[in-house]
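Text of upload-v1.cif, listed as mmCIF, C-alpha atoms:
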```cif
data_query
#
loop_
_atom_site.label_atom_id
_atom_site.label_comp_id
_atom_site.auth_asym_id
_atom_site.auth_seq_id
_atom_site.Cartn_x
_atom_site.Cartn_y
_atom_site.Cartn_z
CA MET B 1 47.33 26.93 192.09
CA LEU B 2 49.72 25.81 189.50
CA THR B 3 48.80 26.35 185.85
CA GLN B 4 50.24 24.35 183.06
CA THR B 5 51.02 26.20 179.87
CA ALA B 6 50.83 24.49 176.59
CA SER B 7 54.28 23.82 175.26
CA GLN B 8 55.20 25.55 172.04
CA PRO B 9 55.91 23.23 169.15
CA PRO B 10 59.61 23.04 168.47
CA GLN B 11 60.82 25.33 165.64
CA LEU B 12 62.02 23.38 162.69
CA ILE B 13 65.48 24.25 161.48
CA ASP B 14 66.39 23.40 157.87
CA ASP B 15 69.85 21.96 158.28
CA ARG B 16 70.02 20.51 154.81
CA PRO B 17 73.30 21.41 153.08
CA VAL B 18 73.17 24.22 150.55
CA SER B 19 73.25 22.79 147.07
CA GLN B 20 76.69 23.17 145.52
CA PRO B 21 77.08 23.96 141.81
CA GLY B 22 77.69 20.87 139.70
CA SER B 23 80.43 20.28 137.17
CA LEU B 24 78.31 21.67 134.33
CA GLU B 25 77.73 24.97 136.14
CA ARG B 26 81.38 25.21 137.07
CA GLY B 27 82.42 24.53 133.48
CA ILE B 28 80.05 27.24 132.25
CA ASP B 29 81.54 29.70 134.77
CA ILE B 30 85.03 28.97 133.41
CA LEU B 31 83.90 29.34 129.78
CA LEU B 32 82.24 32.67 130.58
CA ALA B 33 85.43 33.90 132.23
CA LEU B 34 87.52 32.81 129.22
CA SER B 35 85.13 34.38 126.71
CA ALA B 36 85.27 37.73 128.51
CA ALA B 37 89.07 37.88 128.37
CA SER B 38 91.09 39.41 125.55
CA ARG B 39 94.32 37.69 126.65
CA PRO B 40 95.23 34.24 127.94
CA VAL B 41 93.88 33.77 131.49
CA SER B 42 96.01 32.00 134.06
CA LEU B 43 94.67 29.27 136.33
CA ALA B 44 95.04 31.57 139.34
CA GLN B 45 93.03 34.31 137.61
CA LEU B 46 90.29 31.85 136.71
CA CYS B 47 90.10 30.66 140.30
CA ARG B 48 89.78 34.23 141.55
CA SER B 49 87.06 35.14 139.06
CA THR B 50 85.03 31.94 139.48
CA GLY B 51 85.71 31.16 143.15
CA LEU B 52 86.65 27.59 142.28
CA PRO B 53 89.39 25.64 144.05
CA LYS B 54 92.54 25.28 142.01
CA SER B 55 92.27 21.49 141.74
CA THR B 56 88.66 21.69 140.56
CA ALA B 57 89.36 24.39 137.97
CA HIS B 58 92.39 22.48 136.68
CA ARG B 59 90.37 19.27 136.31
CA ILE B 60 87.53 21.00 134.45
CA LEU B 61 89.97 22.85 132.20
CA GLY B 62 91.52 19.51 131.27
CA VAL B 63 88.12 18.27 130.09
CA LEU B 64 87.36 21.53 128.23
CA CYS B 65 90.73 21.43 126.46
CA SER B 66 90.24 17.80 125.43
CA ARG B 67 86.91 18.78 123.83
CA GLU B 68 88.42 21.89 122.15
CA LEU B 69 86.17 24.18 124.18
CA ALA B 70 89.28 25.71 125.75
CA THR B 71 92.91 25.79 124.70
CA ARG B 72 96.11 26.25 126.65
CA VAL B 73 98.42 29.05 125.49
CA GLY B 74 101.67 29.22 127.44
CA ASN B 75 100.66 29.46 131.11
CA GLY B 76 97.15 30.65 130.34
CA TYR B 77 93.90 29.57 128.71
CA LEU B 78 91.64 30.88 125.95
CA PRO B 79 88.39 29.71 124.34
CA GLY B 80 89.07 26.70 122.14
CA ALA B 81 88.57 26.38 118.40
CA LEU B 82 85.26 24.53 118.76
CA LEU B 83 83.83 27.14 121.13
CA GLU B 84 84.92 29.98 118.86
CA THR B 85 83.34 28.26 115.87
CA MET B 86 80.09 27.62 117.73
CA ALA B 87 79.92 31.19 119.02
CA GLY B 88 81.18 32.82 115.86
CA LEU B 89 83.94 34.53 117.81
CA ALA B 90 86.73 36.44 116.15
CA ARG B 91 89.02 37.80 118.83
CA ALA B 92 90.11 41.41 118.41
CA ARG B 93 88.03 41.81 115.28
CA VAL B 94 85.82 44.89 115.19
CA PRO B 95 82.18 43.71 115.48
CA GLY B 96 80.10 44.06 112.34
CA THR B 97 83.05 44.56 110.00
CA ARG B 98 82.50 41.71 107.54
CA ARG B 99 80.12 43.78 105.44
CA VAL B 100 82.70 46.59 105.32
CA VAL B 101 85.80 44.45 104.80
CA LEU B 102 84.70 41.80 102.31
CA PRO B 103 84.50 44.05 99.20
CA TYR B 104 88.13 45.10 99.72
CA LEU B 105 89.20 41.48 100.09
CA GLN B 106 87.43 40.60 96.88
CA TYR B 107 89.05 43.51 95.07
CA LEU B 108 92.48 42.49 96.38
CA TYR B 109 91.95 38.95 95.14
CA GLU B 110 90.82 40.16 91.72
CA THR B 111 93.89 42.41 91.55
CA THR B 112 96.46 39.81 92.60
CA ARG B 113 94.78 36.46 91.80
CA GLN B 114 96.57 35.09 94.85
CA THR B 115 95.36 33.77 98.22
CA VAL B 116 94.04 36.60 100.41
CA ASN B 117 94.05 36.19 104.20
CA LEU B 118 92.53 38.32 106.95
CA ALA B 119 93.92 37.49 110.39
CA VAL B 120 93.28 38.46 114.01
CA PRO B 121 95.31 37.56 117.10
CA SER B 122 94.10 34.50 118.99
CA GLY B 123 96.26 33.87 122.01
CA LEU B 124 99.80 33.66 120.69
CA GLU B 125 98.73 32.69 117.17
CA ALA B 126 97.22 34.36 114.13
CA ARG B 127 93.69 33.17 113.36
CA TYR B 128 92.41 33.51 109.82
CA VAL B 129 88.83 34.78 109.87
CA GLU B 130 88.47 35.34 106.12
CA ARG B 131 90.18 33.63 103.17
CA LEU B 132 89.68 34.18 99.46
CA TYR B 133 91.40 32.02 96.87
CA GLY B 134 91.06 30.42 93.47
CA HIS B 135 92.20 27.15 91.94
CA ASN B 136 95.85 28.17 92.43
CA ARG B 137 95.59 28.39 96.21
CA VAL B 138 98.90 27.81 97.94
CA CYS B 139 99.04 24.89 100.38
CA SER B 140 99.89 25.60 104.01
CA PRO B 141 99.97 23.77 107.37
CA SER B 142 97.30 26.26 108.47
CA ASP B 143 94.78 24.80 106.00
CA GLY B 144 91.86 23.30 107.92
CA LEU B 145 93.08 24.83 111.19
CA ASP B 146 92.92 28.47 110.06
CA ARG B 147 95.66 29.22 112.58
CA ALA B 148 99.37 29.91 112.18
CA PRO B 149 102.34 31.04 114.29
CA LEU B 150 102.91 34.76 114.62
CA HIS B 151 106.71 34.82 114.28
CA CYS B 152 107.01 33.24 110.82
CA THR B 153 103.99 34.55 108.93
CA ALA B 154 103.53 37.97 107.35
CA THR B 155 100.08 38.44 108.91
CA GLY B 156 101.51 37.44 112.28
CA LYS B 157 104.43 39.85 112.00
CA ALA B 158 102.08 42.71 111.12
CA LEU B 159 100.06 41.99 114.26
CA LEU B 160 103.18 41.75 116.41
CA ALA B 161 104.77 44.92 115.04
CA PHE B 162 101.84 47.17 115.94
CA ASP B 163 100.49 45.50 119.11
CA PRO B 164 102.93 46.21 121.97
CA ARG B 165 101.22 43.91 124.50
CA LEU B 166 101.06 41.00 122.08
CA ARG B 167 104.68 41.59 121.06
CA GLU B 168 105.79 41.58 124.71
CA GLU B 169 104.04 38.27 125.36
CA VAL B 170 105.53 36.60 122.28
CA LEU B 171 109.05 37.98 122.67
CA ALA B 172 109.08 36.78 126.29
CA ARG B 173 109.59 33.29 124.87
CA GLY B 174 113.12 34.20 123.83
CA SER B 175 113.30 31.68 120.98
CA PHE B 176 110.90 30.37 118.38
CA GLU B 177 110.08 27.17 116.55
CA ARG B 178 111.92 26.63 113.28
CA MET B 179 109.39 25.82 110.55
CA THR B 180 111.78 26.00 107.57
CA ARG B 181 115.46 26.77 107.06
CA ARG B 182 114.51 30.44 106.59
CA THR B 183 112.50 30.83 109.81
CA ILE B 184 113.72 33.60 112.12
CA ILE B 185 114.15 31.88 115.48
CA SER B 186 116.21 34.38 117.47
CA LEU B 187 114.77 37.15 119.62
CA ALA B 188 117.13 39.78 118.19
CA GLY B 189 116.38 38.72 114.63
CA LEU B 190 112.63 38.96 115.10
CA GLU B 191 112.90 42.34 116.83
CA ARG B 192 114.91 43.70 113.87
CA GLU B 193 112.30 42.32 111.50
CA LEU B 194 109.42 43.93 113.42
CA ALA B 195 111.22 47.28 113.46
CA GLN B 196 111.32 47.13 109.65
CA VAL B 197 107.60 46.30 109.56
CA ARG B 198 106.80 49.38 111.66
CA ARG B 199 109.05 51.52 109.49
CA HIS B 200 107.59 50.48 106.14
CA GLY B 201 104.06 49.39 107.11
CA LEU B 202 104.54 46.01 105.41
CA ALA B 203 105.48 42.58 106.70
CA TYR B 204 107.08 39.83 104.64
CA ALA B 205 107.47 36.09 105.14
CA GLN B 206 109.75 34.59 102.52
CA GLU B 207 109.45 30.81 102.81
CA GLU B 208 109.60 31.08 106.60
CA PHE B 209 106.42 29.14 107.36
CA VAL B 210 106.21 26.96 104.24
CA GLU B 211 108.90 26.14 101.71
CA GLY B 212 108.05 27.66 98.36
CA VAL B 213 105.45 30.12 99.71
CA VAL B 214 105.88 33.87 100.28
CA CYS B 215 103.47 36.32 101.87
CA VAL B 216 103.05 40.08 102.25
CA ALA B 217 100.83 41.64 104.91
CA ALA B 218 99.83 45.05 106.26
CA PRO B 219 98.11 46.17 109.47
CA VAL B 220 94.45 47.16 109.64
CA PHE B 221 93.57 49.69 112.33
CA GLY B 222 90.21 50.01 114.07
CA PRO B 223 88.24 53.12 115.06
CA GLY B 224 90.44 53.72 118.12
CA GLY B 225 93.62 53.72 116.04
CA ARG B 226 94.76 50.36 117.41
CA ILE B 227 95.55 47.40 115.20
CA CYS B 228 92.64 44.98 115.04
CA MET B 229 93.50 42.77 112.04
CA SER B 230 96.15 42.16 109.43
CA LEU B 231 95.61 41.67 105.73
CA GLY B 232 97.92 39.42 103.72
CA VAL B 233 98.41 37.84 100.32
CA ALA B 234 100.20 34.50 99.94
CA ALA B 235 101.71 33.27 96.70
CA ARG B 236 104.16 30.74 95.37
CA ALA B 237 107.74 31.97 95.57
CA HIS B 238 108.87 33.84 92.45
CA ALA B 239 105.31 33.75 91.01
CA VAL B 240 104.81 37.49 91.38
CA PRO B 241 107.09 40.40 92.46
CA LEU B 242 106.76 41.00 96.21
CA GLY B 243 107.03 44.76 95.70
CA LYS B 244 103.97 44.74 93.47
CA LEU B 245 102.05 42.60 95.95
CA GLY B 246 103.07 44.92 98.77
CA ILE B 247 101.63 48.00 97.04
CA ALA B 248 98.28 46.25 96.54
CA VAL B 249 98.13 44.87 100.08
CA ARG B 250 99.05 48.14 101.78
CA GLY B 251 96.52 50.06 99.70
CA ALA B 252 93.72 47.63 100.58
CA ALA B 253 94.65 47.62 104.28
CA GLN B 254 94.65 51.43 104.40
CA ALA B 255 91.28 51.53 102.64
CA ILE B 256 89.81 49.08 105.16
CA SER B 257 91.21 51.12 108.07
CA ALA B 258 89.60 54.25 106.66
CA ALA B 259 86.28 52.44 106.15
CA LEU B 260 86.30 51.15 109.74
CA LEU B 261 86.26 54.72 111.06
CA GLY B 262 82.62 54.80 110.07
CA VAL B 263 81.67 51.53 111.75
#
```
Using the file provided, produce a representation of the structure as structure tokens.
Amino acid sequence: MLTQTASQPPQLIDDRPVSQPGSLERGIDILLALSAASRPVSLAQLCRSTGLPKSTAHRILGVLCSRELATRVGNGYLPGALLETMAGLARARVPGTRRVVLPYLQYLYETTRQTVNLAVPSGLEARYVERLYGHNRVCSPSDGLDRAPLHCTATGKALLAFDPRLREEVLARGSFERMTRRTIISLAGLERELAQVRRHGLAYAQEEFVEGVVCVAAPVFGPGGRICMSLGVAARAHAVPLGKLGIAVRGAAQAISAALLGV
């Protein structure tokens, strides 16, 4: 006698495609990768870290750069000015140092009565994270941007002289933009200048970024003994002896470095 077995209901298989991350999620992944980097990140590196196709990453980076959420530096990318402002980022600056540093900046301003700048490296530029000045503030192309080239500013030269990796990246360019008739634009000339900065612990820019403006800067070292910032004073040319400014700047920078050991 034949028996008929009840047929089992067919097993349902969910063949719906796995949801792919949208443009917003992909953009966030890129921004997180940029924010975690201390140096410019190449497109290939971003693709490896995010798993995104090259064409997709390049397209999203174009949008991020247009909105100042990312910026292109040479062949790499860094967080843009808007993102840094929103996040309160100060690249290479020791966290929690404003409370320690600000009194020395105020004292330096009171001593010199000139514009005081505190700079950190941001890609291949110097980014000013603190500025103190009075009614006689010197005018500069960096006003409003709070960024300036490394090769023709005293704060930039101080950063370059004591940061070998940054110096290697900048010197790889081979030549530099001429900002004034005094700007050092040759590789050999800049290397000689940086050797003098390392020897004396002071960097000078004598009308190299702006006509009629001079600047003196000194390195500030963090707890690990590596340069983290540079401290500079800018003044009108011939308004005050550079040697006198240099003594004040170097003293303040050394005091800040000593104070940071306790941070």
Quiz item: Written as JSON, numbers by chain, what is the full residue list that the PyMOL selection byres ((chain B and resi 138-152) around 6) yields on the file shown?
Solution: {"B": [125, 126, 127, 128, 137, 153, 156, 157, 208, 209]}
Exercise. Give as a PyMOL selection string every residue, naming chains and numbers as the document does, that has an atom within 9 Å of (101.8, 38.5, 87.1), counting all atoms listed in the file.
Key: chain B and resi 112-113+239-241
Practice problem: Measure the distance from CA of Ser49 (chain B) to CA of Arg72 (chain B) in Å and round it to one decimal. | Solution: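 Pair CA of Ser49 (chain B) / CA of Arg72 (chain B) returns 17.7 Å.
Between CA of Ala253 (chain B) and CA of Val220 (chain B) the interatomic distance comes to 5.4 Å.
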Practice problem: Would you translate the PyMOL selection byres ((chain B and resi 255) around 12) into the concrete set of residues it matches in this file, as a list in words? | Solution: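 Applying the PyMOL selection byres ((chain B and resi 255) around 12) to the structure shown produces Val100, Val101, Leu102, Pro103, Tyr104, Leu105, Tyr107, Leu108, Ala218, Pro219, Val220, Phe221, Gly222, Leu231, Ala248, Val249, Arg250, Gly251, Ala252, Ala253, Gln254, Ile256, Ser257, Ala258, Ala259, Leu260, Leu261 and Gly262 of chain B.
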Exercise. Extract, using only C-alpha atoms, all DNA, RNA and protein residues at most 8 Å from region 202-206 of chain B, discarding same-chain residues fewer than 4 positions from it, and format them as JSON, numbers by chain.
Key: {"B": [152, 153, 154, 155, 157, 158, 182, 194, 196, 197, 198, 213, 214, 215, 216, 217, 218, 219, 237, 246, 250]}
Can you write out the residues you just picked, keeping C-alpha atoms, as a compact mmCIF listing (two decimals), in the frame of the given file?
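Final output, saved to again-v3.txt:
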```txt
# COMPACT_ATOMS: atom_id res chain seq x y z
CA CYS B 152 107.01 33.24 110.82
CA THR B 153 103.99 34.55 108.93
CA ALA B 154 103.53 37.97 107.35
CA THR B 155 100.08 38.44 108.91
CA LYS B 157 104.43 39.85 112.00
CA ALA B 158 102.08 42.71 111.12
CA ARG B 182 114.51 30.44 106.59
CA LEU B 194 109.42 43.93 113.42
CA GLN B 196 111.32 47.13 109.65
CA VAL B 197 107.60 46.30 109.56
CA ARG B 198 106.80 49.38 111.66
CA VAL B 213 105.45 30.12 99.71
CA VAL B 214 105.88 33.87 100.28
CA CYS B 215 103.47 36.32 101.87
CA VAL B 216 103.05 40.08 102.25
CA ALA B 217 100.83 41.64 104.91
CA ALA B 218 99.83 45.05 106.26
CA PRO B 219 98.11 46.17 109.47
CA ALA B 237 107.74 31.97 95.57
CA GLY B 246 103.07 44.92 98.77
CA ARG B 250 99.05 48.14 101.78
```
Exercise. Run the PyMOL selection byres ((chain B and resi 170) around 10) on the file and write out the hits as a PyMOL selection string.
Key: chain B and resi 74+123-125+150-151+160+164-169+171-176+187
Using only C-alpha atoms, please write the residues we just selected to a file, as a PDB file, keeping the file's coordinate frame.
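selection.pdb written:
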```pdb
ATOM      1  CA  GLY B  74     101.670  29.220 127.440  1.00  0.00           C
ATOM      2  CA  GLY B 123      96.260  33.870 122.010  1.00  0.00           C
ATOM      3  CA  LEU B 124      99.800  33.660 120.690  1.00  0.00           C
ATOM      4  CA  GLU B 125      98.730  32.690 117.170  1.00  0.00           C
ATOM      5  CA  LEU B 150     102.910  34.760 114.620  1.00  0.00           C
ATOM      6  CA  HIS B 151     106.710  34.820 114.280  1.00  0.00           C
ATOM      7  CA  LEU B 160     103.180  41.750 116.410  1.00  0.00           C
ATOM      8  CA  PRO B 164     102.930  46.210 121.970  1.00  0.00           C
ATOM      9  CA  ARG B 165     101.220  43.910 124.500  1.00  0.00           C
ATOM     10  CA  LEU B 166     101.060  41.000 122.080  1.00  0.00           C
ATOM     11  CA  ARG B 167     104.680  41.590 121.060  1.00  0.00           C
ATOM     12  CA  GLU B 168     105.790  41.580 124.710  1.00  0.00           C
ATOM     13  CA  GLU B 169     104.040  38.270 125.360  1.00  0.00           C
ATOM     14  CA  LEU B 171     109.050  37.980 122.670  1.00  0.00           C
ATOM     15  CA  ALA B 172     109.080  36.780 126.290  1.00  0.00           C
ATOM     16  CA  ARG B 173     109.590  33.290 124.870  1.00  0.00           C
ATOM     17  CA  GLY B 174     113.120  34.200 123.830  1.00  0.00           C
ATOM     18  CA  SER B 175     113.300  31.680 120.980  1.00  0.00           C
ATOM     19  CA  PHE B 176     110.900  30.370 118.380  1.00  0.00           C
ATOM     20  CA  LEU B 187     114.770  37.150 119.620  1.00  0.00           C
TER      21      LEU B 187
END
```
Quiz item: CA of Gly51 (chain B) and CA of Arg67 (chain B) are how many Å apart?
Solution: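 CA of Arg67 (chain B) lies 23.0 Å from CA of Gly51 (chain B).
Using only C-alpha atoms, the set of residues no farther than 10 Å from the position (83.9, 25.9, 131.5) comprises Ser23, Leu24, Glu25, Arg26, Gly27, Ile28, Asp29, Ile30, Leu31, Leu32, Ala33, Leu34, Ser35, Ala57, Ile60, Leu61, Gly62, Val63, Leu64, Cys65, Leu69, Ala70 and Pro79 of chain B.
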Save the residues we just selected, C-alpha atoms, as a PDB file, in the coordinates of the input?
```pdb
ATOM      1  CA  SER B  23      80.430  20.280 137.170  1.00  0.00           C
ATOM      2  CA  LEU B  24      78.310  21.670 134.330  1.00  0.00           C
ATOM      3  CA  GLU B  25      77.730  24.970 136.140  1.00  0.00           C
ATOM      4  CA  ARG B  26      81.380  25.210 137.070  1.00  0.00           C
ATOM      5  CA  GLY B  27      82.420  24.530 133.480  1.00  0.00           C
ATOM      6  CA  ILE B  28      80.050  27.240 132.250  1.00  0.00           C
ATOM      7  CA  ASP B  29      81.540  29.700 134.770  1.00  0.00           C
ATOM      8  CA  ILE B  30      85.030  28.970 133.410  1.00  0.00           C
ATOM      9  CA  LEU B  31      83.900  29.340 129.780  1.00  0.00           C
ATOM     10  CA  LEU B  32      82.240  32.670 130.580  1.00  0.00           C
ATOM     11  CA  ALA B  33      85.430  33.900 132.230  1.00  0.00           C
ATOM     12  CA  LEU B  34      87.520  32.810 129.220  1.00  0.00           C
ATOM     13  CA  SER B  35      85.130  34.380 126.710  1.00  0.00           C
ATOM     14  CA  ALA B  57      89.360  24.390 137.970  1.00  0.00           C
ATOM     15  CA  ILE B  60      87.530  21.000 134.450  1.00  0.00           C
ATOM     16  CA  LEU B  61      89.970  22.850 132.200  1.00  0.00           C
ATOM     17  CA  GLY B  62      91.520  19.510 131.270  1.00  0.00           C
ATOM     18  CA  VAL B  63      88.120  18.270 130.090  1.00  0.00           C
ATOM     19  CA  LEU B  64      87.360  21.530 128.230  1.00  0.00           C
ATOM     20  CA  CYS B  65      90.730  21.430 126.460  1.00  0.00           C
ATOM     21  CA  LEU B  69      86.170  24.180 124.180  1.00  0.00           C
ATOM     22  CA  ALA B  70      89.280  25.710 125.750  1.00  0.00           C
ATOM     23  CA  PRO B  79      88.390  29.710 124.340  1.00  0.00           C
TER      24      PRO B  79
END
```
Let me know the centre plus edge lengths, in Å and rounded to one decimal, of a box with edges along x, y and z that contains all listed atoms of region 66-82 of chain B and is padded by 5 Å on every side, as AutoDock Vina command-line options.
```
--center_x 93.5 --center_y 24.3 --center_z 124.8 --size_x 26.4 --size_y 23.1 --size_z 22.7
```
